[in-house]
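Dumped run08.txt below, it's compact mmCIF, C-alpha atoms:
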```
# COMPACT_ATOMS: atom_id res chain seq x y z
CA MET A 1 16.51 -9.81 22.95
CA ALA A 2 20.03 -9.69 24.39
CA ASP A 3 18.87 -7.16 26.98
CA PRO A 4 18.50 -9.10 30.29
CA ASN A 5 15.41 -7.03 31.08
CA TRP A 6 13.65 -8.49 28.04
CA ASN A 7 13.27 -11.64 30.16
CA LYS A 8 12.20 -13.82 27.20
CA GLY A 9 9.35 -11.42 26.47
CA ASP A 10 7.94 -11.36 30.01
CA TYR A 11 8.88 -7.82 31.05
CA TYR A 12 5.49 -6.17 31.48
CA ASP A 13 5.54 -6.32 35.26
CA GLY A 14 9.26 -5.80 35.59
CA LEU A 15 12.10 -3.66 34.29
CA TYR A 16 11.65 -2.34 30.74
CA PRO A 17 14.26 -3.55 28.18
CA THR A 18 15.38 0.00 27.46
CA GLU A 19 18.96 -0.72 26.40
CA GLY A 20 18.02 -3.39 23.86
CA LEU A 21 15.35 -1.18 22.32
CA ARG A 22 17.71 1.79 22.23
CA LEU A 23 20.44 -0.15 20.44
CA ALA A 24 17.96 -1.66 17.98
CA ARG A 25 16.68 1.78 17.05
CA GLN A 26 20.19 3.16 16.67
CA ALA A 27 21.14 0.34 14.30
CA GLY A 28 17.91 0.83 12.38
CA THR A 29 18.42 4.57 12.05
CA ILE A 30 21.74 3.99 10.29
CA THR A 31 20.13 1.70 7.68
CA TYR A 32 17.08 3.88 6.99
CA ARG A 33 19.16 6.65 5.45
CA SER A 34 22.31 6.69 3.32
CA GLY A 35 26.02 7.44 3.66
CA PRO A 36 25.81 10.40 1.26
CA GLU A 37 23.02 11.95 3.35
CA TRP A 38 24.94 11.49 6.61
CA GLN A 39 27.93 13.12 4.93
CA THR A 40 25.83 16.05 3.72
CA ARG A 41 24.02 16.60 7.03
CA PHE A 42 26.79 15.94 9.51
CA GLY A 43 30.10 15.28 7.79
CA ARG A 44 32.73 15.22 10.53
CA SER A 45 31.16 17.95 12.65
CA ARG A 46 32.26 17.46 16.23
CA THR A 47 30.46 17.96 19.53
CA THR A 48 33.67 18.52 21.43
CA ASN A 49 37.36 19.06 20.83
CA GLN A 50 38.18 16.52 23.53
CA LEU A 51 38.45 12.88 22.53
CA LYS A 52 35.70 10.78 24.16
CA ILE A 53 34.45 7.29 23.41
CA GLY A 54 31.22 7.48 21.44
CA GLU A 55 30.70 11.21 22.05
CA ASN A 56 32.86 12.98 19.49
CA PHE A 57 30.65 13.67 16.48
CA GLU A 58 27.25 15.25 15.81
CA ILE A 59 26.09 12.13 13.97
CA GLU A 60 26.75 10.05 17.09
CA LYS A 61 24.68 12.49 19.12
CA TYR A 62 21.84 12.31 16.59
CA ILE A 63 21.78 8.50 16.49
CA ARG A 64 21.83 8.29 20.30
CA HIS A 65 18.93 10.76 20.41
CA GLN A 66 16.89 8.59 18.02
CA GLY A 67 17.56 5.54 20.16
CA SER A 68 16.59 7.31 23.37
CA LYS A 69 13.28 8.52 21.89
CA TRP A 70 12.28 4.97 21.02
CA ALA A 71 13.49 3.50 24.29
CA SER A 72 11.26 5.62 26.51
CA LYS A 73 8.67 3.35 28.12
CA GLY A 74 5.38 3.49 26.30
CA GLY A 75 6.99 4.58 23.02
CA ILE A 76 6.78 1.17 21.37
CA ASP A 77 6.42 -2.38 22.63
CA PRO A 78 9.64 -4.43 22.13
CA ASN A 79 7.73 -7.70 21.66
CA SER A 80 5.70 -6.07 18.89
CA VAL A 81 8.91 -5.06 17.12
CA ILE A 82 10.29 -8.60 17.40
CA TRP A 83 7.12 -10.22 16.07
CA MET A 84 6.79 -7.73 13.20
CA SER A 85 10.36 -8.43 12.20
CA THR A 86 9.78 -12.19 12.48
CA ALA A 87 6.62 -11.98 10.36
CA MET A 88 8.43 -9.98 7.68
CA ASP A 89 11.25 -12.52 7.54
CA ALA A 90 8.78 -15.41 7.27
CA PHE A 91 6.63 -13.85 4.53
CA THR A 92 7.00 -15.23 1.01
CA LEU A 93 5.06 -15.15 -2.24
CA GLU A 94 6.38 -18.58 -3.16
CA LYS A 95 3.99 -21.44 -3.91
CA GLU A 96 4.60 -25.09 -4.64
CA ASP A 97 5.02 -25.92 -8.31
CA LYS A 98 3.99 -29.19 -9.95
CA SER A 99 7.05 -30.93 -8.55
CA GLY A 100 6.20 -29.81 -5.01
CA LYS A 101 9.09 -27.34 -4.77
CA LEU A 102 8.57 -23.78 -3.61
CA SER A 103 8.72 -21.44 -6.58
CA LEU A 104 8.50 -17.66 -6.68
CA MET A 105 7.51 -17.83 -10.34
CA GLU A 106 4.58 -20.08 -9.42
CA GLY A 107 3.54 -17.67 -6.70
CA ILE A 108 3.36 -14.56 -8.85
CA LYS A 109 2.22 -15.93 -12.21
CA GLU A 110 -1.34 -14.76 -11.53
CA MET A 111 -0.18 -11.21 -10.77
CA GLN A 112 -0.94 -9.72 -14.18
CA HIS A 113 -2.18 -6.32 -13.04
CA PRO A 114 -0.12 -3.16 -13.73
CA SER A 115 2.78 -3.10 -11.27
CA LEU A 116 5.12 -0.31 -10.22
CA ILE A 117 8.54 -1.25 -8.82
CA ILE A 118 10.79 1.49 -7.43
CA GLY A 119 14.44 1.02 -6.59
CA VAL A 120 16.58 3.59 -4.78
CA GLN A 121 20.30 3.52 -5.46
CA THR A 122 21.19 4.48 -1.88
CA ASP A 123 18.76 2.05 -0.20
CA VAL A 124 20.73 -0.53 1.77
CA LEU A 125 17.64 -2.35 3.15
CA PHE A 126 16.02 -3.09 -0.23
CA PRO A 127 18.92 -2.67 -2.68
CA VAL A 128 18.21 -1.96 -6.34
CA TRP A 129 19.34 -5.41 -7.46
CA GLN A 130 16.46 -6.90 -5.47
CA GLN A 131 13.97 -4.42 -6.91
CA LYS A 132 15.18 -5.23 -10.43
CA GLU A 133 14.74 -8.91 -9.64
CA VAL A 134 11.11 -8.29 -8.67
CA ALA A 135 10.44 -6.41 -11.92
CA ASP A 136 12.23 -9.02 -14.03
CA ILE A 137 10.41 -12.00 -12.55
CA LEU A 138 7.04 -10.28 -12.98
CA ARG A 139 7.87 -9.80 -16.66
CA ARG A 140 9.05 -13.40 -17.02
CA ALA A 141 5.76 -14.51 -15.47
CA GLY A 142 3.93 -12.83 -18.35
CA ASN A 143 3.05 -9.45 -16.85
CA GLU A 144 3.23 -6.96 -19.73
CA TYR A 145 2.52 -3.90 -17.59
CA VAL A 146 5.53 -3.60 -15.30
CA THR A 147 7.05 -0.17 -14.70
CA TYR A 148 10.49 -0.02 -13.06
CA TYR A 149 11.99 3.24 -11.84
CA GLU A 150 15.43 3.57 -10.28
CA LEU A 151 15.82 6.75 -8.26
CA ASP A 152 19.12 8.46 -7.46
CA SER A 153 17.88 9.90 -4.19
CA LEU A 154 19.89 10.96 -1.17
CA TYR A 155 17.51 9.57 1.45
CA GLY A 156 18.15 5.82 1.23
CA HIS A 157 15.28 3.60 2.35
CA ASP A 158 13.32 6.61 3.64
CA THR A 159 13.09 8.02 0.11
CA PHE A 160 9.48 6.83 -0.14
CA LEU A 161 8.65 9.09 2.83
CA LEU A 162 10.81 12.13 2.08
CA ASP A 163 11.46 12.54 -1.65
CA LYS A 164 7.96 13.46 -2.79
CA VAL A 165 9.15 14.87 -6.11
CA ALA A 166 11.00 11.75 -7.26
CA VAL A 167 8.51 9.22 -5.88
CA GLY A 168 5.54 11.30 -7.03
CA GLY A 169 6.97 11.46 -10.55
CA ALA A 170 7.42 7.68 -10.62
CA VAL A 171 3.84 7.10 -9.45
CA LYS A 172 2.54 9.59 -12.02
CA GLY A 173 4.43 7.85 -14.81
CA HIS A 174 3.03 4.49 -13.70
CA LEU A 175 -0.56 5.74 -13.56
CA GLU A 176 -0.24 7.23 -17.03
CA GLN A 177 1.09 3.99 -18.51
CA GLU A 178 -1.29 2.68 -21.14
CA PRO A 179 -3.43 0.70 -21.78
CA TRP A 180 -4.38 0.82 -18.08
CA GLY A 181 -3.26 4.36 -17.37
CA ALA A 182 -4.98 7.53 -16.25
CA ASN A 183 -6.19 8.44 -19.74
CA ARG A 184 -8.08 5.17 -20.05
CA MET A 185 -9.54 5.52 -16.56
CA LEU A 186 -10.75 9.05 -17.34
CA ARG A 187 -12.29 7.92 -20.63
CA GLU A 188 -14.06 5.03 -18.92
CA ALA A 189 -15.38 7.34 -16.19
CA ALA A 190 -16.63 9.84 -18.80
CA CYS A 191 -18.31 7.12 -20.88
CA GLY A 192 -19.91 5.62 -17.78
CA ALA A 193 -21.24 8.97 -16.60
CA SER A 194 -22.61 9.73 -20.07
CA LEU A 195 -24.36 6.35 -20.29
CA ILE A 196 -25.93 6.72 -16.84
CA LEU A 197 -27.09 10.26 -17.64
CA ASN A 198 -28.69 9.12 -20.91
CA THR A 199 -30.45 6.31 -19.07
CA LEU A 200 -31.91 8.81 -16.63
CA LEU A 201 -32.97 11.21 -19.38
CA ASP A 202 -34.47 8.52 -21.63
CA GLN A 203 -36.15 6.73 -18.70
CA ASP A 204 -34.92 3.49 -20.25
CA PHE A 205 -34.71 0.88 -17.51
CA SER A 206 -34.88 -2.22 -19.69
CA ALA A 207 -32.75 -5.24 -18.89
CA VAL A 208 -30.33 -4.30 -21.69
CA ALA A 209 -30.00 -0.71 -20.45
CA ARG A 210 -29.50 -1.81 -16.84
CA GLU A 211 -26.83 -4.30 -17.93
CA GLU A 212 -24.97 -1.48 -19.71
CA VAL A 213 -25.23 0.67 -16.58
CA PHE A 214 -23.86 -2.20 -14.49
CA TYR A 215 -20.78 -2.55 -16.68
CA ALA A 216 -20.29 1.23 -16.64
CA LEU A 217 -20.27 1.23 -12.84
CA ASP A 218 -18.11 -1.89 -12.55
CA THR A 219 -14.85 0.02 -12.97
CA ASP A 220 -12.88 -2.70 -11.14
CA HIS A 221 -14.14 -5.32 -13.62
CA ASP A 222 -14.76 -7.80 -10.82
CA GLY A 223 -18.44 -8.46 -11.53
CA CYS A 224 -19.67 -6.57 -8.45
CA LEU A 225 -20.79 -3.06 -7.54
CA VAL A 226 -20.40 -1.33 -4.21
CA ALA A 227 -23.84 -1.22 -2.61
CA ASP A 228 -23.50 2.50 -1.81
CA GLU A 229 -23.04 3.23 -5.53
CA VAL A 230 -26.22 1.35 -6.33
CA VAL A 231 -28.06 3.25 -3.60
CA ALA A 232 -26.91 6.58 -5.07
CA LEU A 233 -27.95 5.52 -8.58
CA LEU A 234 -31.41 4.31 -7.53
CA TYR A 235 -31.94 7.44 -5.47
CA LEU A 236 -31.31 9.53 -8.60
CA ILE A 237 -33.57 7.34 -10.73
CA LEU A 238 -36.45 7.43 -8.27
CA ASN A 239 -36.22 11.16 -7.83
CA SER A 240 -36.06 11.70 -11.59
CA ARG A 241 -39.31 9.76 -11.89
CA GLY A 242 -41.05 11.62 -9.11
CA LYS A 243 -41.04 8.68 -6.67
CA LYS A 244 -40.30 10.03 -3.21
CA MET A 245 -38.12 7.68 -1.15
CA SER A 246 -35.70 8.69 1.55
CA LEU A 247 -32.04 7.71 1.32
CA LYS A 248 -32.57 5.29 4.21
CA GLU A 249 -35.49 3.64 2.41
CA VAL A 250 -33.41 3.19 -0.74
CA THR A 251 -30.52 1.82 1.34
CA ASP A 252 -32.84 -0.71 3.01
CA PHE A 253 -34.24 -1.67 -0.39
CA VAL A 254 -30.79 -2.36 -1.87
CA SER A 255 -29.66 -4.30 1.20
CA LYS A 256 -32.43 -6.84 0.56
CA PHE A 257 -30.65 -7.87 -2.64
CA ASP A 258 -27.21 -8.07 -1.01
CA SER A 259 -27.40 -11.84 -0.44
CA ASN A 260 -23.95 -12.08 1.16
CA SER A 261 -24.40 -8.96 3.30
CA ASP A 262 -20.92 -7.83 2.23
CA GLY A 263 -21.83 -4.44 0.81
CA ARG A 264 -21.43 -5.67 -2.78
CA ILE A 265 -24.06 -6.26 -5.44
CA THR A 266 -23.52 -8.86 -8.16
CA LYS A 267 -24.76 -8.43 -11.71
CA LYS A 268 -27.64 -10.86 -11.14
CA GLU A 269 -28.68 -9.07 -7.95
CA PHE A 270 -28.56 -5.73 -9.77
CA LEU A 271 -30.67 -6.96 -12.67
CA ASP A 272 -33.17 -8.58 -10.31
CA MET A 273 -33.99 -5.23 -8.73
CA PRO A 274 -37.47 -4.04 -9.85
CA ILE A 275 -36.42 -0.58 -11.02
CA SER A 276 -39.01 -0.04 -13.72
```

Structure translated into structure tokens:
Amino acid sequence: MADPNWNKGDYYDGLYPTEGLRLARQAGTITYRSGPEWQTRFGRSRTTNQLKIGENFEIEKYIRHQGSKWASKGGIDPNSVIWMSTAMDAFTLEKEDKSGKLSLMEGIKEMQHPSLIIGVQTDVLFPVWQQKEVADILRRAGNEYVTYYELDSLYGHDTFLLDKVAVGGAVKGHLEQEPWGANRMLREAACGASLILNTLLDQDFSAVAREEVFYALDTDHDGCLVADEVVALLYLILNSRGKKMSLKEVTDFVSKFDSNSDGRITKKEFLDMPIS
């Protein structure tokens, strides 16, 4: 914004604010990684034995290169960067409590789903003390399924992009956390598949059997099924009973019961379908 060519955001028909964008990218590049990584990659390697302002070390050359790439016209829109940054600064999970004051605890008390929080010791943008704070406040709000991992990675903030081994291990550990971990999900999927298969084999399409099938398919436990899943199920049922209907015909049939036209079928809509 300090670049005169930015012109209060009205630069589209004039000179491009190259210098401001270049400097912003250079500053950002420094914060995305960590001091230990810069030391490992560049150390004090020099580009020249002569003393020059801003042109002595390989790390300076690298950071200038990153800035120049971003600053080329058409690379990224400066106004977009400014508004994204402004939106991030303005975002908050806080809500008003009973006294009318903004409270983070009030804002997250309904977040009771399993949550994974990852902190990176070398991250200067989202330092580990902030990540610990997020995990702690989730627990204080009553969430019993919070997993916190603190990674000793070299890559700073960009660890989530570059350190697949460490981040992948943290995600794996979170997904395997019980009672909502991978083992439970696999058991639920197996039980659901078995129940649906038995329904097809027994040709039992009573209200009770269809209700059990609904709950087996409702893996998100939100009281709705994805319409495409219902289409696939009905297509199997009809074919198992010798009733020839094309996939399009079944899709059109299911869409008639999608009262909100949102691609989701409620339990009542599912049970109202004349399957038998």

Checklist entry - How far is it from CA of Met111 (chain A) to CA of Met84 (chain A), in Å with one decimal? => result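 So the answer is 25.2 Å.
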
Checklist entry - When distances are computed from only C-alpha atoms, which of A:Gly67, A:Ile237, A:Val230, A:Thr86 shows the smallest separation from Asp252 (chain A)? => result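 When distances to Asp252 (chain A) are compared using only C-alpha atoms, the smallest one comes from A:Val230.
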
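Look at region 99-109 of chain A: the protein and nucleic acid residues within 9 Å of it, using all atoms listed in the file and passing over chain neighbours fewer than 2 places away, are A:Thr92, A:Leu93, A:Glu94, A:Lys95, A:Glu96, A:Asp97, A:Met111, A:Gln112, A:Ile137, A:Leu138, A:Arg140, A:Ala141, A:Gly142, A:Asn143.
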
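With distances restricted to only C-alpha atoms, A:Ala227 is the closest residue to Asn260 (chain A) from A:Glu37, A:Tyr16, A:Arg22, A:Ala227.
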
Checklist entry - So how far away is CA of Ile30 (chain A) from CA of Phe42 (chain A), in Å? => result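 Separation between CA of Phe42 (chain A) and CA of Ile30 (chain A): 13.0 Å.
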
Checklist entry - Pick from A:Leu51, A:Leu21, A:Val250, A:Val213: nearest to Ser80 (chain A), with all atoms listed in the file counted? => result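 Closest residue, counting all atoms listed in the file: A:Leu21.
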
May I ask you to restore N, CA and C atoms in region 47-58 of chain A and write the result as a PDB file, in the frame of the given file?
```pdb
ATOM      1  N   THR A  47      31.167  17.408  18.374  1.00  0.00           N
ATOM      2  CA  THR A  47      30.460  17.960  19.530  1.00  0.00           C
ATOM      3  C   THR A  47      31.425  18.520  20.563  1.00  0.00           C
ATOM      4  N   THR A  48      32.662  18.080  20.480  1.00  0.00           N
ATOM      5  CA  THR A  48      33.670  18.520  21.430  1.00  0.00           C
ATOM      6  C   THR A  48      35.056  18.376  20.818  1.00  0.00           C
ATOM      7  N   ASN A  49      35.970  19.173  21.290  1.00  0.00           N
ATOM      8  CA  ASN A  49      37.360  19.060  20.830  1.00  0.00           C
ATOM      9  C   ASN A  49      38.144  18.033  21.635  1.00  0.00           C
ATOM     10  N   GLN A  50      37.537  17.552  22.719  1.00  0.00           N
ATOM     11  CA  GLN A  50      38.180  16.520  23.530  1.00  0.00           C
ATOM     12  C   GLN A  50      37.783  15.146  22.999  1.00  0.00           C
ATOM     13  N   LEU A  51      38.704  14.222  23.035  1.00  0.00           N
ATOM     14  CA  LEU A  51      38.450  12.880  22.530  1.00  0.00           C
ATOM     15  C   LEU A  51      37.739  12.037  23.581  1.00  0.00           C
ATOM     16  N   LYS A  52      36.495  11.610  23.258  1.00  0.00           N
ATOM     17  CA  LYS A  52      35.700  10.780  24.160  1.00  0.00           C
ATOM     18  C   LYS A  52      35.155   9.589  23.389  1.00  0.00           C
ATOM     19  N   ILE A  53      34.986   8.484  24.067  1.00  0.00           N
ATOM     20  CA  ILE A  53      34.450   7.290  23.410  1.00  0.00           C
ATOM     21  C   ILE A  53      32.963   7.475  23.124  1.00  0.00           C
ATOM     22  N   GLY A  54      32.616   7.419  21.841  1.00  0.00           N
ATOM     23  CA  GLY A  54      31.220   7.480  21.440  1.00  0.00           C
ATOM     24  C   GLY A  54      30.561   8.825  21.590  1.00  0.00           C
ATOM     25  N   GLU A  55      31.322   9.904  21.827  1.00  0.00           N
ATOM     26  CA  GLU A  55      30.700  11.210  22.050  1.00  0.00           C
ATOM     27  C   GLU A  55      31.469  12.321  21.336  1.00  0.00           C
ATOM     28  N   ASN A  56      32.020  12.008  20.181  1.00  0.00           N
ATOM     29  CA  ASN A  56      32.860  12.980  19.490  1.00  0.00           C
ATOM     30  C   ASN A  56      32.151  13.742  18.375  1.00  0.00           C
ATOM     31  N   PHE A  57      31.193  13.097  17.691  1.00  0.00           N
ATOM     32  CA  PHE A  57      30.650  13.670  16.480  1.00  0.00           C
ATOM     33  C   PHE A  57      29.140  13.925  16.596  1.00  0.00           C
ATOM     34  N   GLU A  58      28.665  14.889  15.824  1.00  0.00           N
ATOM     35  CA  GLU A  58      27.250  15.250  15.810  1.00  0.00           C
ATOM     36  C   GLU A  58      26.384  14.063  15.364  1.00  0.00           C
TER      37      GLU A  58
END
```
